[in-house]
Each structure stands twice: as C-alpha cells, then as structure tokens.
>>> print(open('start.tsv').read())   # TSV, C-alpha atoms and all ligand atoms
chain	number	residue	atom	x	y	z
A	1	MET	CA	85.05	68.17	88.05
A	2	GLN	CA	86.52	66.66	91.21
A	3	ASN	CA	90.20	65.74	90.73
A	4	SER	CA	90.79	63.88	93.98
A	5	VAL	CA	88.94	60.99	95.65
A	6	THR	CA	89.51	58.93	98.78
A	7	VAL	CA	87.83	55.56	99.29
A	8	ILE	CA	87.98	52.72	101.80
A	9	ALA	CA	87.59	49.04	100.82
A	10	PRO	CA	87.22	46.07	103.16
A	11	VAL	CA	89.02	42.73	103.06
A	12	ASN	CA	87.21	39.49	102.39
A	13	ILE	CA	88.12	36.08	103.77
A	14	ALA	CA	87.10	33.06	101.70
A	15	VAL	CA	85.29	30.11	103.23
A	16	ILE	CA	85.52	28.23	99.90
A	17	LYS	CA	88.96	29.06	98.57
A	18	TYR	CA	89.94	30.25	95.11
A	19	TRP	CA	93.11	28.40	94.11
A	20	GLY	CA	94.19	27.99	90.50
A	21	LYS	CA	93.63	29.87	87.26
A	22	ARG	CA	92.54	28.56	83.87
A	23	ASN	CA	93.71	31.79	82.23
A	24	GLU	CA	96.65	33.64	83.82
A	25	GLN	CA	96.27	36.77	81.73
A	26	LEU	CA	92.57	37.36	82.36
A	27	ILE	CA	92.70	35.91	85.90
A	28	LEU	CA	89.98	33.33	85.31
A	29	PRO	CA	89.70	30.77	88.14
A	30	ILE	CA	89.28	27.00	87.88
A	31	ASN	CA	86.64	26.97	90.63
A	32	ASP	CA	83.95	29.12	92.19
A	33	SER	CA	84.81	30.64	95.58
A	34	LEU	CA	82.78	32.19	98.36
A	35	SER	CA	83.80	34.75	100.96
A	36	VAL	CA	82.61	37.07	103.68
A	37	THR	CA	83.40	40.78	103.36
A	38	LEU	CA	84.58	42.05	106.73
A	39	SER	CA	84.11	45.23	108.69
A	40	THR	CA	86.41	48.08	107.85
A	41	ALA	CA	87.41	49.22	111.35
A	42	ASP	CA	90.36	46.88	111.91
A	43	LEU	CA	90.89	45.63	108.39
A	44	CYS	CA	90.77	47.86	105.37
A	45	SER	CA	92.64	49.64	102.64
A	46	LYS	CA	92.36	53.38	102.10
A	47	THR	CA	93.31	54.90	98.79
A	48	THR	CA	93.50	58.50	97.62
A	49	ILE	CA	93.87	59.23	93.91
A	50	THR	CA	94.56	62.68	92.57
A	51	ALA	CA	94.63	63.64	88.90
A	52	ASP	CA	96.32	66.92	88.07
A	53	PRO	CA	97.52	68.62	84.85
A	54	SER	CA	100.77	69.62	86.59
A	55	TYR	CA	101.82	65.98	87.26
A	56	GLU	CA	104.54	64.82	84.89
A	57	GLU	CA	104.30	61.11	85.68
A	58	ASN	CA	102.05	58.56	87.33
A	59	LYS	CA	103.05	57.61	90.89
A	60	ILE	CA	101.95	55.04	93.44
A	61	VAL	CA	102.83	55.03	97.13
A	62	LEU	CA	101.92	51.92	99.12
A	63	ASN	CA	102.12	52.14	102.91
A	64	GLY	CA	104.39	55.20	102.65
A	65	LYS	CA	106.83	53.63	100.17
A	66	GLU	CA	106.92	54.49	96.47
A	67	GLU	CA	106.31	51.41	94.29
A	68	ASN	CA	106.65	50.81	90.58
A	69	PHE	CA	103.56	52.18	88.78
A	70	ASP	CA	104.43	50.21	85.66
A	71	ASN	CA	103.54	46.97	87.41
A	72	GLU	CA	101.48	45.01	84.85
A	73	ARG	CA	98.39	44.58	87.02
A	74	ILE	CA	98.21	48.20	88.17
A	75	THR	CA	98.65	49.47	84.62
A	76	ARG	CA	96.01	47.05	83.35
A	77	CYS	CA	93.42	48.17	85.93
A	78	VAL	CA	94.09	51.85	85.20
A	79	GLU	CA	93.90	51.33	81.43
A	80	MET	CA	90.72	49.25	81.58
A	81	ILE	CA	88.94	51.79	83.78
A	82	LYS	CA	90.03	54.67	81.53
A	83	HIS	CA	88.91	52.75	78.44
A	84	ARG	CA	85.48	52.09	79.97
A	85	ALA	CA	85.14	55.72	81.07
A	86	LEU	CA	86.06	56.90	77.56
A	87	GLU	CA	83.53	54.52	75.96
A	88	SER	CA	80.71	55.56	78.26
A	89	GLU	CA	81.71	59.24	78.28
A	90	SER	CA	81.40	59.23	82.07
A	91	CYS	CA	83.99	62.03	82.47
A	92	SER	CA	85.90	64.58	80.43
A	93	LYS	CA	88.72	63.62	78.07
A	94	GLU	CA	90.97	66.19	79.81
A	95	LEU	CA	90.60	64.41	83.13
A	96	LEU	CA	91.46	61.08	81.51
A	97	ALA	CA	94.61	62.60	80.03
A	98	TYR	CA	96.00	63.85	83.37
A	99	LYS	CA	98.65	61.78	85.16
A	100	ILE	CA	97.59	60.40	88.55
A	101	HIS	CA	99.13	60.02	92.00
A	102	VAL	CA	97.90	57.08	94.07
A	103	ASP	CA	98.44	56.88	97.81
A	104	SER	CA	97.27	53.64	99.42
A	105	GLU	CA	97.60	52.18	102.87
A	106	ASN	CA	96.43	49.06	104.70
A	107	ASN	CA	95.79	49.15	108.43
A	108	PHE	CA	96.96	45.52	108.72
A	109	PRO	CA	100.00	43.52	107.52
A	110	THR	CA	100.47	43.53	103.74
A	111	ALA	CA	100.89	40.23	101.82
A	112	ALA	CA	100.90	38.06	104.94
A	113	GLY	CA	97.91	35.96	103.96
A	114	LEU	CA	95.41	38.54	105.22
A	115	ALA	CA	93.83	39.27	101.87
A	116	SER	CA	95.60	42.61	101.49
A	117	SER	CA	95.68	42.32	97.72
A	118	ALA	CA	91.88	41.85	97.71
A	119	SER	CA	91.13	45.07	99.56
A	120	GLY	CA	94.06	46.89	97.93
A	121	TYR	CA	92.95	46.26	94.34
A	122	ALA	CA	89.24	46.65	95.17
A	123	CYS	CA	90.14	50.01	96.67
A	124	LEU	CA	92.29	51.09	93.72
A	125	VAL	CA	89.66	50.14	91.16
A	126	TYR	CA	86.79	51.64	93.15
A	127	ALA	CA	88.72	54.91	93.63
A	128	LEU	CA	89.47	55.08	89.89
A	129	ALA	CA	85.79	54.42	89.15
A	130	GLN	CA	84.79	57.28	91.48
A	131	LEU	CA	87.34	59.60	89.90
A	132	TYR	CA	86.17	58.86	86.36
A	133	GLY	CA	82.44	58.60	87.09
A	134	LEU	CA	81.85	54.85	86.62
A	135	LYS	CA	79.31	52.79	88.57
A	136	LYS	CA	80.09	49.96	90.93
A	137	GLN	CA	78.28	47.40	88.78
A	138	GLU	CA	80.77	48.13	86.00
A	139	ILE	CA	83.97	47.27	87.86
A	140	SER	CA	83.98	43.77	89.48
A	141	ASP	CA	85.64	42.25	86.38
A	142	ILE	CA	88.31	44.99	86.40
A	143	ALA	CA	89.08	44.44	90.10
A	144	ARG	CA	89.47	40.73	89.23
A	145	MET	CA	92.23	41.68	86.79
A	146	GLY	CA	94.19	43.27	89.67
A	147	SER	CA	93.91	40.34	92.03
A	148	GLY	CA	91.33	37.59	91.60
A	149	SER	CA	89.93	37.75	95.11
A	150	ALA	CA	89.56	41.57	94.84
A	151	CYS	CA	86.38	41.13	92.77
A	152	ARG	CA	84.66	39.76	95.91
A	153	SER	CA	85.55	42.90	97.95
A	154	ILE	CA	83.47	45.08	95.62
A	155	TYR	CA	80.36	43.73	97.39
A	156	GLY	CA	79.47	43.46	101.05
A	157	GLY	CA	78.14	40.50	103.02
A	158	PHE	CA	78.40	36.96	101.61
A	159	VAL	CA	79.81	36.94	98.11
A	160	GLN	CA	80.30	34.24	95.50
A	161	TRP	CA	82.79	34.62	92.69
A	162	GLN	CA	81.34	32.59	89.84
A	163	LYS	CA	84.14	31.15	87.75
A	164	GLY	CA	82.16	31.57	84.54
A	165	VAL	CA	82.52	29.55	81.34
A	166	GLN	CA	83.19	32.16	78.67
A	167	LEU	CA	86.65	32.43	77.18
A	168	ASP	CA	86.71	36.24	77.48
A	169	GLY	CA	85.84	36.07	81.20
A	170	LYS	CA	82.78	38.34	80.92
A	171	ASP	CA	80.79	35.96	83.15
A	172	SER	CA	83.57	35.52	85.74
A	173	ILE	CA	82.11	37.97	88.22
A	174	ALA	CA	81.25	38.39	91.89
A	175	VAL	CA	77.64	38.27	93.09
A	176	GLN	CA	76.24	38.89	96.54
A	177	ILE	CA	74.36	35.87	97.92
A	178	ALA	CA	73.25	37.54	101.18
A	179	PRO	CA	73.85	40.92	102.79
A	180	ALA	CA	75.78	41.14	106.08
A	181	SER	CA	72.56	42.16	107.82
A	182	HIS	CA	71.21	38.66	107.10
A	183	TRP	CA	73.49	37.16	109.79
A	184	PRO	CA	74.27	39.97	112.26
A	185	ASP	CA	75.70	37.85	115.09
A	186	LEU	CA	78.41	36.22	112.95
A	187	HIS	CA	81.81	37.48	114.14
A	188	VAL	CA	85.39	37.10	113.06
A	189	LEU	CA	88.62	36.91	115.04
A	190	ILE	CA	91.87	37.17	113.12
A	191	LEU	CA	94.81	35.65	114.95
A	192	VAL	CA	97.90	37.31	113.56
A	193	VAL	CA	100.53	34.66	114.14
A	194	ASN	CA	103.18	36.15	111.94
A	195	ASP	CA	102.94	39.28	109.85
A	196	SER	CA	106.06	38.90	107.75
A	197	LYS	CA	105.49	38.59	103.99
A	198	LYS	CA	104.58	35.11	102.74
A	199	LYS	CA	107.29	32.98	101.12
A	200	VAL	CA	105.42	31.88	98.00
A	201	GLY	CA	103.03	34.49	96.62
A	202	SER	CA	99.52	33.29	95.71
A	203	THR	CA	100.11	33.86	91.98
A	204	SER	CA	103.15	31.58	91.72
A	205	GLY	CA	101.80	29.16	94.34
A	206	MET	CA	98.54	28.52	92.50
A	207	ALA	CA	100.29	28.27	89.11
A	208	ARG	CA	102.55	25.60	90.58
A	209	SER	CA	99.57	23.74	92.09
A	210	VAL	CA	97.71	23.67	88.76
A	211	LEU	CA	100.80	22.22	87.08
A	212	THR	CA	101.79	19.64	89.68
A	213	SER	CA	99.00	18.73	92.10
A	214	GLU	CA	96.95	15.60	91.40
A	215	LEU	CA	94.48	16.44	94.15
A	216	ILE	CA	93.50	19.80	92.70
A	217	LYS	CA	91.58	18.14	89.85
A	218	TYR	CA	89.53	16.10	92.32
A	219	ARG	CA	88.83	19.23	94.40
A	220	VAL	CA	87.65	21.28	91.43
A	221	GLU	CA	85.42	18.60	89.91
A	222	LYS	CA	84.09	16.67	92.89
A	223	CYS	CA	84.25	18.89	95.98
A	224	VAL	CA	83.84	22.59	95.28
A	225	PRO	CA	80.48	22.56	93.41
A	226	GLN	CA	78.83	20.56	96.20
A	227	ARG	CA	80.43	22.73	98.90
A	228	ILE	CA	79.31	25.98	97.26
A	229	HIS	CA	75.77	24.61	97.14
A	230	SER	CA	75.79	23.41	100.77
A	231	ILE	CA	77.45	26.47	102.30
A	232	THR	CA	75.08	28.80	100.42
A	233	GLN	CA	72.20	26.89	101.99
A	234	ALA	CA	73.89	27.01	105.44
A	235	ILE	CA	74.24	30.81	105.08
A	236	LYS	CA	70.60	31.16	104.02
A	237	ASP	CA	69.53	29.04	107.02
A	238	ARG	CA	72.06	30.74	109.37
A	239	ASP	CA	73.13	27.18	110.24
A	240	PHE	CA	76.44	27.87	112.01
A	241	SER	CA	77.63	24.31	112.58
A	242	LYS	CA	77.11	23.38	108.90
A	243	PHE	CA	78.78	26.64	107.79
A	244	ALA	CA	81.69	25.95	110.17
A	245	GLU	CA	82.22	22.35	109.12
A	246	ILE	CA	82.37	23.20	105.40
A	247	THR	CA	84.66	26.19	106.09
A	248	MET	CA	87.17	24.10	108.07
A	249	LYS	CA	87.11	21.21	105.59
A	250	ASP	CA	87.72	23.57	102.69
A	251	SER	CA	90.63	25.28	104.45
A	252	ASN	CA	92.17	21.88	105.21
A	253	GLN	CA	91.71	20.72	101.63
A	254	PHE	CA	93.24	23.90	100.25
A	255	HIS	CA	96.37	23.42	102.41
A	256	ALA	CA	96.48	19.71	101.50
A	257	ILE	CA	96.67	20.81	97.86
A	258	CYS	CA	99.44	23.25	98.73
A	259	LEU	CA	101.37	20.33	100.21
A	260	ASP	CA	100.53	18.13	97.19
A	261	THR	CA	102.12	20.84	95.02
A	262	TYR	CA	105.69	20.09	93.96
A	263	PRO	CA	107.82	21.62	95.41
A	264	PRO	CA	105.22	22.11	98.15
A	265	CYS	CA	103.85	25.49	99.26
A	266	VAL	CA	103.92	25.53	103.06
A	267	TYR	CA	101.83	28.38	104.44
A	268	MET	CA	100.74	27.19	107.88
A	269	ASN	CA	103.29	27.01	110.71
A	270	ASP	CA	103.38	25.21	114.08
A	271	VAL	CA	101.23	27.89	115.75
A	272	SER	CA	98.67	27.60	112.91
A	273	HIS	CA	98.45	23.83	113.45
A	274	ALA	CA	98.14	24.36	117.20
A	275	ILE	CA	95.20	26.72	116.54
A	276	VAL	CA	93.49	24.02	114.43
A	277	ASN	CA	93.86	21.53	117.29
A	278	PHE	CA	92.63	24.05	119.86
A	279	VAL	CA	89.53	24.87	117.81
A	280	HIS	CA	88.63	21.17	117.60
A	281	GLU	CA	89.35	20.77	121.30
A	282	PHE	CA	87.19	23.81	122.14
A	283	ASN	CA	84.31	22.50	120.02
A	284	ARG	CA	84.64	19.02	121.57
A	285	ASN	CA	84.54	20.49	125.10
A	286	GLU	CA	81.46	22.54	124.23
A	287	GLY	CA	79.70	19.51	122.74
A	288	GLU	CA	78.97	21.33	119.46
A	289	THR	CA	80.71	23.37	116.77
A	290	LYS	CA	80.93	26.93	117.99
A	291	VAL	CA	83.98	28.20	116.16
A	292	ALA	CA	85.53	27.58	112.73
A	293	TYR	CA	89.03	28.30	111.44
A	294	THR	CA	90.20	29.11	107.96
A	295	PHE	CA	93.72	29.92	106.71
A	296	ASP	CA	94.61	31.74	103.48
A	297	ALA	CA	98.08	31.62	101.93
A	298	GLY	CA	99.79	32.42	105.22
A	299	PRO	CA	100.02	31.25	108.84
A	300	ASN	CA	97.40	33.62	110.29
A	301	ALA	CA	94.08	32.16	111.37
A	302	CYS	CA	90.68	33.61	110.68
A	303	LEU	CA	88.07	32.32	113.11
A	304	TYR	CA	84.35	32.59	112.36
A	305	LEU	CA	82.07	32.36	115.40
A	306	PRO	CA	78.74	33.61	116.75
A	307	GLU	CA	79.16	36.83	118.77
A	308	LYS	CA	78.14	35.25	122.06
A	309	TYR	CA	81.23	32.98	122.01
A	310	VAL	CA	83.80	35.69	121.26
A	311	LYS	CA	84.70	36.34	124.92
A	312	ARG	CA	85.00	32.69	125.78
A	313	VAL	CA	87.09	31.86	122.71
A	314	LEU	CA	89.39	34.84	123.36
A	315	ALA	CA	89.89	33.73	126.96
A	316	PHE	CA	90.60	30.17	125.81
A	317	PHE	CA	93.17	31.25	123.23
A	318	ASN	CA	94.83	33.74	125.60
A	319	HIS	CA	95.29	30.82	127.96
A	320	VAL	CA	96.57	28.20	125.48
A	321	LEU	CA	98.59	30.21	122.95
A	322	PRO	CA	102.14	31.46	123.52
A	323	ASN	CA	102.35	35.03	124.72
A	324	ASP	CA	106.03	35.84	125.12
A	325	ASN	CA	107.86	38.55	123.18
A	326	GLN	CA	108.88	36.31	120.30
A	327	ASN	CA	105.68	34.37	119.85
A	328	SER	CA	102.81	36.62	120.78
A	329	VAL	CA	99.60	36.38	118.79
A	330	GLU	CA	97.71	39.57	117.98
A	331	TYR	CA	93.91	39.54	117.76
A	332	LEU	CA	91.85	41.60	115.32
A	333	ARG	CA	88.08	41.60	115.50
A	334	GLY	CA	85.61	41.99	112.69
A	335	THR	CA	82.08	41.41	111.52
A	336	PRO	CA	80.59	40.90	108.06
A	337	VAL	CA	79.91	44.29	106.54
A	338	ASP	CA	77.62	45.75	103.91
A	339	ILE	CA	79.08	48.33	101.57
A	340	ASP	CA	77.40	51.62	100.95
A	341	GLU	CA	76.10	51.39	97.40
A	342	GLU	CA	76.75	55.10	96.72
A	401	LIG	O1	93.53	36.96	94.83
A	401	LIG	P1	94.84	36.32	95.18
A	401	LIG	O2	95.67	36.12	93.97
A	401	LIG	O3	95.58	37.06	96.27
A	401	LIG	O4	94.54	34.83	95.74
A	401	LIG	C1	93.90	34.60	96.94
A	401	LIG	C2	93.94	33.16	97.29
A	401	LIG	C3	93.41	32.81	98.68
A	401	LIG	O5	93.42	33.92	99.54
A	401	LIG	C4	94.33	31.75	99.28
A	401	LIG	C5	92.02	32.20	98.60
A	401	LIG	C6	90.87	33.14	98.38
A	401	LIG	O6	89.87	32.69	97.81
A	401	LIG	O7	90.93	34.31	98.81
>>> encode(input="start.tsv", output="structure tokens")
Amino acid sequence: MQNSVTVIAPVNIAVIKYWGKRNEQLILPINDSLSVTLSTADLCSKTTITADPSYEENKIVLNGKEENFDNERITRCVEMIKHRALESESCSKELLAYKIHVDSENNFPTAAGLASSASGYACLVYALAQLYGLKKQEISDIARMGSGSACRSIYGGFVQWQKGVQLDGKDSIAVQIAPASHWPDLHVLILVVNDSKKKVGSTSGMARSVLTSELIKYRVEKCVPQRIHSITQAIKDRDFSKFAEITMKDSNQFHAICLDTYPPCVYMNDVSHAIVNFVHEFNRNEGETKVAYTFDAGPNACLYLPEKYVKRVLAFFNHVLPNDNQNSVEYLRGTPVDIDEE
C-alpha cells in the first residue's frame, strides 16, 4: 500500500459568483455559481500527504509554515474522507489509523482573492482520496465542506455548482457543463494588483451580506437563475461577447452587494476600478466586446479574452497601468484546463 501521494489541483475563477450560504455548517449556497477551471502552470496548489505508523501527531504545513491541523474545516474533510473510505473498504484499516503529514503550497498569493482556498481544499481532498483509494466522483461534496468554491476545482473546463434543494446537501454538487477543449482559444490574464491578504475573509463577508444586504435577495431570486441559463448557452455557442457581458455584469453585481452589506465589504481598490474603465474603453475602441473582467473577494482582476487579443490587451495595459516600484501590476496567464480523470 502506498503511504505517500502528491497531487496538483487548479484554481477556478467564477463568472457567476457564489456569495452567501443557507447553511453555514454544511456550506450550502443560496445560489448556483459557474466557473472556469484554469491551467495549472501559473496557478495551482500542490499537496503531498504521507501516512506513517511512526508519526505521533497530524501536521499541516502551508507554504512552508506549520498551521493548526485542528482547524474545523481541515479536520472535517479528513474525517469525512476517512469515514467514506472505511464504509467502502477502499483501503486498509491500518492505513486509516496512521497519523498524516500534509505539505501544501500555492504558486500564487494565498487568500488575496485568487481562489487559493478553492485549489487548496480541492487539492487536500483529492490527495486524501488518492491516499485512501476513493474515486473522484465521490469527493465533490467533501471538497465543498472545506471551501465552497473548492467543489468546482474537482472538475476541469466549465463547471456549475448546483445549489441543490435538499437539507442534507447531498444534491449541492459540482457538474461539468463543457470540457476545456470545447473552447480552446479562451484565455485568461490575471492582473495581480495587490497580493496582501484580503481584509474581510469570504466566510465572514458572505455571512454579513446574507444578514444585512437587501440587494442579495433580488440577485438570488431574479438575476442568477437567468444568468446561469444564458451564460451556459453562451458557452455552448462559444459566443464570447454574450459570455463577457454576463461575466462583467455579475462581477459588478457581486461587488454592489458587498457595498450594500453593512458595514460594507470593500474588495476592489482604485487600480481595480481603473482596470474596469480600461476594459470598457478597450472594448469601445475595438467596436466590440473583446475582453471581460471579473473580480473575486480581492482587488486582483481576472480577464477573460480570446487568445488572439492577448498581445494587444497586454500592450494596452502595460501602457495605461502604473508600473513603478510601489504600484506595479503582475500578469499571470492561463487557459481553461481539463483534469486528468485518473
Ligand atoms: O469558497 P470561498 O468561501 O472562498 O468563497 C468564494 C467566493 C468568491 O470567490 C468571491 C466567488 C466564487 O464563486 O468563487
């Protein structure tokens, strides 16, 4: 029996945002969300897990620094995976009894609104599944219990997280709506404006929004279902301008809700707002929508665009954005990615 595994998991960036839970404990969302899983070269988490009879305690090291293993979400993921492995007898009882050492690193800024928790928990849960002999189809709900958006990183390409209706959350799972190969020329540019940790974490931010925002109810009931339907169609048709318009409107609405939260959650900064204006200016100059922005719970921009515009957009942003020592913007490139099903 193999006692050590190493896996890599990609990030995903939502085009229809998940924001708000109906059940904090089970991490059940109030709306469906939809994301693109991105290539692992510039943006990924890598996790090694070793189980050994000589270990006296469980340990977790994140980006070279030892963290508390007894964190509720980590413990819950480990226990759920072990429970499932025990039930399905997918590995030996001895292996399940050994303590484990987890070593995980991201090759991009952690907790700065770049979906690090998504790839981090997807990676942890996938590595545990490999160690204990479970299949991929058995783990999206467990990844969700680590960090909601992590369930979408279990699949490649274009992925919808269906909120589900059941109280136990069994139907709150991620499903792939199209593989990455369906739209090969779609590219991503991440503009890292600021990689310091975000001020209000997504868990407390969304809890506060659910309690205090009036707009969030309107979004969940009237906007998201229609947007999920339309953007799914735009993806199927590879209709970039439709995809882009819905993506930008949903990012704007998500940040409007953050501002409608009391006290407000302010994630975008002046450079983020400048990027929004530049994207609209670029599209106006081109006479059609060629690039779309979206912002998670942080100031960094994620731009979706067809490959043939990458050079031109990079040149434009290099020209218009600040590039001195204090304000430089770093660019990361990516493409949608499929995940090896093995
Ligand atoms: O999964 P969490 O708790 O890190 O929340 C992610 C929330 C957003 O990134 C803002 C939106 C999303 O759908 O990924």
>>> closest_residue(input="start.tsv", among="A:Ile231, A:Val5, A:Val337, A:Met206", to="ligand LIG 401 (chain A)", atoms="all atoms listed in the file")
A:Met206
>>> residues_near_ligand(input="start.tsv", ligand="ligand LIG 401 (chain A)", cutoff="9 Å", atoms="only C-alpha atoms and all ligand atoms", output="PyMOL selection string")
chain A and resi 12-20+27+32-35+111+113-118+144+146-152+161+201-203+206+254+295-298
>>> closest_residue(input="start.tsv", among="A:Val7, A:Leu167, A:Thr294, A:Asn277", to="Val320 of chain A", atoms="only C-alpha atoms")
A:Asn277
>>> closest_residue(input="start.tsv", among="A:Ser181, A:Gln226, A:Thr50, A:Ser272", to="Leu321 of chain A", atoms="all atoms listed in the file")
A:Ser272
>>> atom_distance(input="start.tsv", atom1="atom CA of Gly164 of chain A", atom2="atom CA of Ile177 of chain A")
16.1 Å
>>> build_atoms(input="start.tsv", residues="segment 132-147 of chain A", atoms="N, CA and C atoms", output="short mmCIF file (atom, residue, chain, number, x, y, z; two decimals), keeping the file's coordinate frame")
data_model
loop_
_atom_site.label_atom_id
_atom_site.label_comp_id
_atom_site.auth_asym_id
_atom_site.auth_seq_id
_atom_site.Cartn_x
_atom_site.Cartn_y
_atom_site.Cartn_z
N TYR A 132 86.58 58.72 87.76
CA TYR A 132 86.17 58.86 86.36
C TYR A 132 84.67 58.64 86.15
N GLY A 133 83.91 58.61 87.23
CA GLY A 133 82.44 58.60 87.09
C GLY A 133 81.79 57.29 86.69
N LEU A 134 82.47 56.14 86.96
CA LEU A 134 81.85 54.85 86.62
C LEU A 134 81.09 54.27 87.80
N LYS A 135 80.11 53.40 87.49
CA LYS A 135 79.31 52.79 88.57
C LYS A 135 79.95 51.50 89.06
N LYS A 136 79.58 51.16 90.30
CA LYS A 136 80.09 49.96 90.93
C LYS A 136 79.84 48.67 90.14
N GLN A 137 78.64 48.61 89.53
CA GLN A 137 78.28 47.40 88.78
C GLN A 137 79.17 47.20 87.56
N GLU A 138 79.95 48.22 87.21
CA GLU A 138 80.77 48.13 86.00
C GLU A 138 82.21 47.71 86.30
N ILE A 139 82.53 47.39 87.56
CA ILE A 139 83.97 47.27 87.86
C ILE A 139 84.43 45.95 88.49
N SER A 140 83.51 44.99 88.81
CA SER A 140 83.98 43.77 89.48
C SER A 140 84.97 42.99 88.60
N ASP A 141 84.72 42.98 87.27
CA ASP A 141 85.64 42.25 86.38
C ASP A 141 87.00 42.95 86.28
N ILE A 142 87.01 44.28 86.47
CA ILE A 142 88.31 44.99 86.40
C ILE A 142 89.09 44.75 87.70
N ALA A 143 88.40 44.75 88.83
CA ALA A 143 89.08 44.44 90.10
C ALA A 143 89.69 43.04 90.04
N ARG A 144 88.98 42.11 89.40
CA ARG A 144 89.47 40.73 89.23
C ARG A 144 90.81 40.70 88.49
N MET A 145 90.99 41.65 87.56
CA MET A 145 92.23 41.68 86.79
C MET A 145 93.40 42.20 87.62
N GLY A 146 93.11 42.83 88.78
CA GLY A 146 94.19 43.27 89.67
C GLY A 146 94.62 42.10 90.53
N SER A 147 93.66 41.52 91.22
CA SER A 147 93.91 40.34 92.03
C SER A 147 92.57 39.61 92.06
#
